[in-house]
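Visitor: This structure is in structure tokens; I'll ask about it shortly.
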Amino acid sequence: MKHSSEVRVVIVALAVFIVAVAGTLTFGSGYLVDVATTLAMWIALSQSWILLSGMTGYVSLGHVVFFGLGSYIAVLTFGTLPLWATLGLSGISAIGLAVLVGLPCFRVRGPYFVILTFGLAEFVKYIVIDIEAKASKFGRLAIGGPDQNDVFLLMAGLALAAFFLSYFVGRSRFGAGLRGIREDEVAAETAGVPVVRLKLIAFALSALIPGIAGGVFLFRTGYFEPMQAFNPSVSLSMITMAVIGGTDDAFGPLIGAVALVILSELLWANAPELYTVILGLLLVTFVMWLPDGIEGQVRAWSRLKRQPA
Amino acid sequence: LIGGTEERSLFSFQLLVAALATGSIYALIAVGLNLIYGTMRLLNLAHGDLVMLGAYAAYWGFSGLHIDPLVAIPFIGLLAAGIGAAAYLFLFQRFLRDGARSDRIEANSLLAFFGLSIAIENLTSIAFTGNTRAYQYLDQVVHIGSASILGNRLAALIIALVTCVAVLLFFRFTTLGLAVRAIIQSRDAAEIVGVNARKAYLLSFCIGFGLAGVTGALVSLYSQIWPFMGFSYTVAGFVIIILGGLGNIYGSLIGGLLLGALETFGVAIAGANYRSILIYGVFIAILVLRPQGLLGAKSTAR
């Protein structure tokens, strides 16, 4: 670690993580563990989204496809394979899909990638439904998985890993290359940034976390059902959390996930459609009027305070 | 969807009419999408939702106010064009004003359209429930030569084709149409010779949204409507504008008819379950083989 600020962030993040996890498990009721698992999942997912879309500007609208695929692979392999291998396969298959669809799209510039991601999740969902229908399976159970406290630990670990991943990518040469692609891809390429390779690596890394999260999520509910695992509102939620918080580095999604998990706990059970409408409108509002998110806004204010004119 | 004949021989006149019926609707959707993309580099992810709103307008006009849908269509188009003007003036104008950050316009506008799309769909679902709806209109079978088609489907086909031709003529022969095409070709060069880019943007929003509204009213004549129906139209529209070339208006018309034909014949051969696999197959094939579109020159992408 080169900079003392990085050491500080790592120490603080680890301390917060340990206190939050230990606190939840020691004093938490079942409900608190449940909410904390949800929060950890959304932190992991929205971190994974900024890794590609926040840093490169290549917007993925169907990130749920990796989540659903991870869940599907997990339910197919769990039982024959141990838990770690199942979750590993979930992540690897997500990376495989990302490389498969990213390769043709990233070779050409323009909106091809977005158009592909817009419908990809639905496409894969219907293929899985078709496969399941042909096998006459209507939902599959995952029996004998980890209990809810272990699921929470796994999810929290994933959230921490996702945070560190986007934090250190954001501060690396690799991250600088990704931001170069976002600001001006032609200029970045001219300056020697291997844009196609960087985009592919970013996409693969950004698929890995939702893949594993999907696998862990399977053990939270205990069953797999395509309509739920590939639910497009998962993509919407992770995007909105990231945009509300701020998409440029790892702190934004953290803020956005906390804000929306609270909102969701208040609204989801009673008015799921209203919650979705609010997500959509929040997304429009932030993109239009606060494109740097809450984090960017706070930074702008503190900069003003520090340098009075 | 097609009148009740069981004639199943491939390349029959029946299937050709069906292909034309689907294709003309697709063409209208794709032209509207491509116009807004071509002039401003904005991908309207909510385009299908405007189609849905147009369908609901026709539905409520007919079953609530007893207005003949064919009479209502121009008014629905105007209403949708008005929504387009409002969307441009109040929301998207601010993106285009700021030239310095133009490289982020695409990503940001996408997210804004995505949010709008979700909000429109779910608000409609809250207001009118998520149930499918339909109304009975011109539902007698009409025979044309060896083909039979429902009257409402035929009406939709004719109006869609007439609208396509009108769009074609507008962009070929009117000054405004030429101005918009000049902006698509090169904004800077067009502005130098005196084309008002902002007017062209506003016009593109009006025509794009207006066409979406008309398409929705046409779709409602023959098919069931529901709040989340727009998604598949948006996806089809995207595939077509890739097929016909980004920013290529004529390409969209041809691409729409082509995808309509591919879909109709593909479904006739392989079965309805393969519809979306087919559409994605076309998309991937174009992406790999000819990313500039069937009609595009090598450099038109972006």
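Ligands are numbered from 1 in the order shown, residues from 1 within each chain, and chains are lettered A, B, ... in the order they appear in the structure tokens.
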Would you tabulate, counting only C-alpha atoms, all residues of chain B that have an atom at most 7 Å from an atom of chain A, showing the closest pair of atoms and their distance in Å to one decimal, sorted by chain then ascending number, as a Markdown table?

Guide:
| residue | atom | partner | partner_atom | distance |
| --- | --- | --- | --- | --- |
| B:Asp103 | CA | A:Glu183 | CA | 6.2 |
| B:Ala107 | CA | A:Gly57 | CA | 5.8 |
| B:Asn108 | CA | A:Val287 | CA | 6.1 |
| B:Leu111 | CA | A:Val287 | CA | 7.0 |
| B:Ala112 | CA | A:Val284 | CA | 4.5 |
| B:Gly115 | CA | A:Gly280 | CA | 3.9 |
| B:Leu116 | CA | A:Gly280 | CA | 6.0 |
| B:Ile118 | CA | A:Gly280 | CA | 5.5 |
| B:Ala119 | CA | A:Val277 | CA | 4.4 |
| B:Asn122 | CA | A:Val277 | CA | 5.8 |
| B:Leu123 | CA | A:Val277 | CA | 6.5 |
| B:Ile126 | CA | A:Glu273 | CA | 7.0 |
| B:Val235 | CA | A:Gly119 | CA | 6.5 |
| B:Phe238 | CA | A:Ile115 | CA | 6.5 |
| B:Ser276 | CA | A:Phe123 | CA | 6.9 |
| B:Leu287 | CA | A:Pro104 | CA | 6.7 |
| B:Val288 | CA | A:Pro104 | CA | 6.1 |
| B:Ala301 | CA | A:Gly110 | CA | 6.5 |
| B:Arg302 | CA | A:Gly110 | CA | 5.4 |

Visitor: Take the residues from that selection and write them out as a compact mmCIF listing (two decimals), in the first residue's frame, keeping C-alpha atoms.

Guide:
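Result file follows (out11.txt):
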# COMPACT_ATOMS: atom_id res chain seq x y z
CA ASP B 103 -19.33 12.02 -23.86
CA ALA B 107 -24.77 7.07 -20.45
CA ASN B 108 -26.70 9.63 -18.42
CA LEU B 111 -30.28 6.00 -17.18
CA ALA B 112 -32.84 8.80 -17.21
CA GLY B 115 -35.93 5.41 -14.84
CA LEU B 116 -38.75 7.03 -16.81
CA ILE B 118 -39.88 1.92 -15.09
CA ALA B 119 -41.88 4.76 -13.55
CA ASN B 122 -45.50 0.87 -12.77
CA LEU B 123 -47.62 4.02 -12.57
CA ILE B 126 -51.08 1.18 -10.29
CA VAL B 235 -36.13 -4.44 -27.77
CA PHE B 238 -33.32 -1.57 -30.97
CA SER B 276 -37.11 -13.85 -28.74
CA LEU B 287 -23.12 -7.30 -34.32
CA VAL B 288 -20.54 -9.85 -35.39
CA ALA B 301 -21.52 3.84 -36.16
CA ARG B 302 -21.35 6.69 -33.64

Visitor: Report the residues of range 138-274 of chain A whose backbone DSSP state falls under strand (DSSP E), written as JSON, numbers by chain.

Guide: {"A": [140, 141, 223, 224]}

Visitor: Please produce an output containing N, CA and C atoms for each residue in the selection, written as a PDB file, in the first residue's frame.

Guide:
ATOM      1  N   ARG A 140     -36.923 -25.140  -7.838  1.00  0.00           N
ATOM      2  CA  ARG A 140     -36.111 -26.207  -7.255  1.00  0.00           C
ATOM      3  C   ARG A 140     -35.757 -25.827  -5.832  1.00  0.00           C
ATOM      4  N   LEU A 141     -35.663 -26.818  -4.961  1.00  0.00           N
ATOM      5  CA  LEU A 141     -35.294 -26.560  -3.576  1.00  0.00           C
ATOM      6  C   LEU A 141     -33.805 -26.792  -3.383  1.00  0.00           C
ATOM      7  N   TYR A 223     -34.888 -21.800  -2.232  1.00  0.00           N
ATOM      8  CA  TYR A 223     -35.384 -22.375  -3.480  1.00  0.00           C
ATOM      9  C   TYR A 223     -35.066 -21.456  -4.651  1.00  0.00           C
ATOM     10  N   PHE A 224     -35.087 -22.044  -5.842  1.00  0.00           N
ATOM     11  CA  PHE A 224     -34.798 -21.291  -7.057  1.00  0.00           C
ATOM     12  C   PHE A 224     -36.045 -21.228  -7.920  1.00  0.00           C
TER      13      PHE A 224
END

Visitor: Tell me, as an MDAnalysis selection string, which residues lie within 12 Å of Ala87 in chain B, counting only C-alpha atoms; anything in the same chain fewer than 6 positions away does not count.

Guide: chainID B and resid 44 46 50 80:81 93:95 109 112:113 116 201:206 208:209

Visitor: Take the residues just selected and output them with all heavy atoms as a short mmCIF file (atom, residue, chain, number, x, y, z; two decimals), in the first residue's frame.

Guide:
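Saved to out-v7.cif:
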data_model
loop_
_atom_site.label_atom_id
_atom_site.label_comp_id
_atom_site.auth_asym_id
_atom_site.auth_seq_id
_atom_site.Cartn_x
_atom_site.Cartn_y
_atom_site.Cartn_z
N ASN B 44 -33.77 6.06 -26.56
CA ASN B 44 -35.02 6.19 -25.81
C ASN B 44 -35.52 4.82 -25.34
O ASN B 44 -36.27 4.15 -26.03
CB ASN B 44 -36.07 6.87 -26.66
CG ASN B 44 -37.35 7.08 -25.90
OD1 ASN B 44 -37.43 6.76 -24.72
ND2 ASN B 44 -38.35 7.61 -26.57
N ALA B 46 -37.62 4.32 -23.19
CA ALA B 46 -39.03 4.39 -22.83
C ALA B 46 -39.92 4.41 -24.08
O ALA B 46 -41.13 4.61 -23.97
CB ALA B 46 -39.30 5.62 -21.98
N LEU B 50 -44.22 4.44 -24.51
CA LEU B 50 -45.09 5.40 -25.20
C LEU B 50 -46.06 4.66 -26.11
O LEU B 50 -47.22 5.07 -26.25
CB LEU B 50 -44.25 6.38 -26.00
CG LEU B 50 -43.49 7.33 -25.08
CD1 LEU B 50 -42.26 7.87 -25.75
CD2 LEU B 50 -44.41 8.45 -24.65
N ALA B 80 -49.14 12.49 -28.14
CA ALA B 80 -47.82 11.89 -27.88
C ALA B 80 -46.72 12.84 -28.32
O ALA B 80 -45.69 12.97 -27.64
CB ALA B 80 -47.70 10.55 -28.59
N ALA B 81 -46.95 13.54 -29.46
CA ALA B 81 -45.95 14.51 -29.92
C ALA B 81 -45.80 15.62 -28.89
O ALA B 81 -44.69 16.10 -28.62
CB ALA B 81 -46.37 15.09 -31.27
N GLN B 93 -33.37 18.73 -22.89
CA GLN B 93 -32.67 19.87 -23.44
C GLN B 93 -31.40 20.18 -22.64
O GLN B 93 -30.37 20.51 -23.21
CB GLN B 93 -33.60 21.08 -23.41
CG GLN B 93 -33.16 22.18 -24.33
CD GLN B 93 -34.17 23.32 -24.34
OE1 GLN B 93 -34.92 23.51 -23.40
NE2 GLN B 93 -34.21 24.05 -25.43
N ARG B 94 -31.51 20.02 -21.33
CA ARG B 94 -30.37 20.38 -20.48
C ARG B 94 -29.15 19.50 -20.74
O ARG B 94 -28.01 19.94 -20.57
CB ARG B 94 -30.76 20.32 -19.01
CG ARG B 94 -31.47 19.04 -18.63
CD ARG B 94 -31.96 19.07 -17.20
NE ARG B 94 -30.88 19.03 -16.26
CZ ARG B 94 -30.61 20.00 -15.38
NH1 ARG B 94 -31.35 21.06 -15.36
NH2 ARG B 94 -29.60 19.89 -14.55
N PHE B 95 -29.40 18.26 -21.16
CA PHE B 95 -28.27 17.39 -21.50
C PHE B 95 -27.51 17.91 -22.71
O PHE B 95 -26.31 17.85 -22.79
CB PHE B 95 -28.76 15.99 -21.86
CG PHE B 95 -28.92 15.11 -20.68
CD1 PHE B 95 -30.02 14.29 -20.57
CD2 PHE B 95 -27.97 15.08 -19.70
CE1 PHE B 95 -30.17 13.47 -19.49
CE2 PHE B 95 -28.11 14.26 -18.60
CZ PHE B 95 -29.22 13.45 -18.51
N SER B 109 -28.28 9.92 -20.25
CA SER B 109 -29.63 9.97 -20.80
C SER B 109 -30.27 8.58 -20.77
O SER B 109 -31.46 8.43 -20.50
CB SER B 109 -29.60 10.49 -22.23
OG SER B 109 -28.96 9.58 -23.07
N ALA B 112 -31.63 8.01 -17.41
CA ALA B 112 -32.84 8.80 -17.21
C ALA B 112 -34.02 8.15 -17.92
O ALA B 112 -35.11 8.01 -17.35
CB ALA B 112 -32.63 10.23 -17.72
N PHE B 113 -33.82 7.73 -19.16
CA PHE B 113 -34.89 7.06 -19.90
C PHE B 113 -35.29 5.75 -19.23
O PHE B 113 -36.46 5.38 -19.19
CB PHE B 113 -34.46 6.76 -21.34
CG PHE B 113 -34.69 7.89 -22.30
CD1 PHE B 113 -33.64 8.42 -23.04
CD2 PHE B 113 -35.96 8.42 -22.49
CE1 PHE B 113 -33.86 9.45 -23.94
CE2 PHE B 113 -36.17 9.45 -23.39
CZ PHE B 113 -35.12 9.96 -24.12
N LEU B 116 -37.44 6.61 -16.32
CA LEU B 116 -38.75 7.03 -16.81
C LEU B 116 -39.58 5.82 -17.22
O LEU B 116 -40.77 5.73 -16.90
CB LEU B 116 -38.60 7.94 -18.04
CG LEU B 116 -38.38 9.42 -17.80
CD1 LEU B 116 -38.31 10.14 -19.14
CD2 LEU B 116 -39.53 9.99 -16.98
N TYR B 201 -33.88 19.01 -32.98
CA TYR B 201 -34.03 18.15 -31.81
C TYR B 201 -35.49 18.08 -31.37
O TYR B 201 -36.03 17.01 -31.12
CB TYR B 201 -33.19 18.67 -30.64
CG TYR B 201 -31.70 18.63 -30.85
CD1 TYR B 201 -30.85 19.38 -30.06
CD2 TYR B 201 -31.15 17.84 -31.84
CE1 TYR B 201 -29.49 19.36 -30.24
CE2 TYR B 201 -29.79 17.81 -32.04
CZ TYR B 201 -28.96 18.57 -31.23
OH TYR B 201 -27.61 18.54 -31.41
N LEU B 202 -36.09 19.28 -31.27
CA LEU B 202 -37.48 19.34 -30.82
C LEU B 202 -38.37 18.56 -31.78
O LEU B 202 -39.23 17.77 -31.37
CB LEU B 202 -37.92 20.81 -30.75
CG LEU B 202 -39.35 21.07 -30.26
CD1 LEU B 202 -39.51 20.57 -28.84
CD2 LEU B 202 -39.68 22.55 -30.32
N LEU B 203 -38.12 18.77 -33.07
CA LEU B 203 -38.92 18.08 -34.09
C LEU B 203 -38.74 16.57 -33.99
O LEU B 203 -39.71 15.80 -34.09
CB LEU B 203 -38.50 18.58 -35.47
CG LEU B 203 -39.37 18.13 -36.63
CD1 LEU B 203 -40.74 18.77 -36.52
CD2 LEU B 203 -38.73 18.49 -37.96
N SER B 204 -37.50 16.12 -33.76
CA SER B 204 -37.25 14.69 -33.65
C SER B 204 -38.01 14.09 -32.47
O SER B 204 -38.58 13.01 -32.58
CB SER B 204 -35.77 14.41 -33.47
OG SER B 204 -35.05 15.00 -34.51
N PHE B 205 -37.98 14.80 -31.35
CA PHE B 205 -38.73 14.32 -30.19
C PHE B 205 -40.22 14.23 -30.51
O PHE B 205 -40.87 13.24 -30.18
CB PHE B 205 -38.51 15.24 -28.98
CG PHE B 205 -37.56 14.67 -27.97
CD1 PHE B 205 -36.22 15.00 -28.00
CD2 PHE B 205 -38.01 13.80 -27.00
CE1 PHE B 205 -35.34 14.46 -27.08
CE2 PHE B 205 -37.14 13.26 -26.07
CZ PHE B 205 -35.80 13.59 -26.11
N CYS B 206 -40.76 15.28 -31.18
CA CYS B 206 -42.20 15.29 -31.49
C CYS B 206 -42.55 14.14 -32.44
O CYS B 206 -43.49 13.39 -32.20
CB CYS B 206 -42.60 16.61 -32.13
SG CYS B 206 -42.58 17.96 -30.96
N GLY B 208 -40.77 11.40 -33.13
CA GLY B 208 -40.48 10.10 -32.52
C GLY B 208 -41.57 9.68 -31.55
O GLY B 208 -42.10 8.56 -31.63
N PHE B 209 -41.93 10.56 -30.64
CA PHE B 209 -42.96 10.23 -29.66
C PHE B 209 -44.31 10.09 -30.35
O PHE B 209 -45.09 9.20 -30.01
CB PHE B 209 -43.02 11.31 -28.56
CG PHE B 209 -41.98 11.14 -27.49
CD1 PHE B 209 -40.66 10.91 -27.81
CD2 PHE B 209 -42.33 11.23 -26.14
CE1 PHE B 209 -39.70 10.76 -26.83
CE2 PHE B 209 -41.38 11.08 -25.15
CZ PHE B 209 -40.06 10.85 -25.48
#

Visitor: Could you work out how far CA of Ser220 in chain B lies from CA of Ile242 in chain B, giving the answer in Å with one decimal?

Guide: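 One can read the CA of Ile242 in chain B to CA of Ser220 in chain B distance as 26.2 Å.
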
Visitor: Pick out the residues sitting within 9 Å of Ala236 in chain B, and hand them over as number ranges by chain; count only C-alpha atoms, and ignore anything fewer than 4 positions along from it in its own chain.

Guide: B: 26, 29-30, 231-232, 240-241, 256, 259, 279

Visitor: Provide the CA of Val51 in chain B to CA of Ile225 in chain B distance in Å, to one decimal place.

Guide: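 Going from CA of Val51 in chain B over to CA of Ile225 in chain B covers 10.1 Å.
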
Visitor: Output as a ChimeraX atom specification all residues of range 17-203 of chain A that backbone DSSP marks as alpha helix (DSSP H).

Guide: /A:17-27,30-49,55-56,64-77,83-107,112-134,148-171,173-183,185-190,195-203
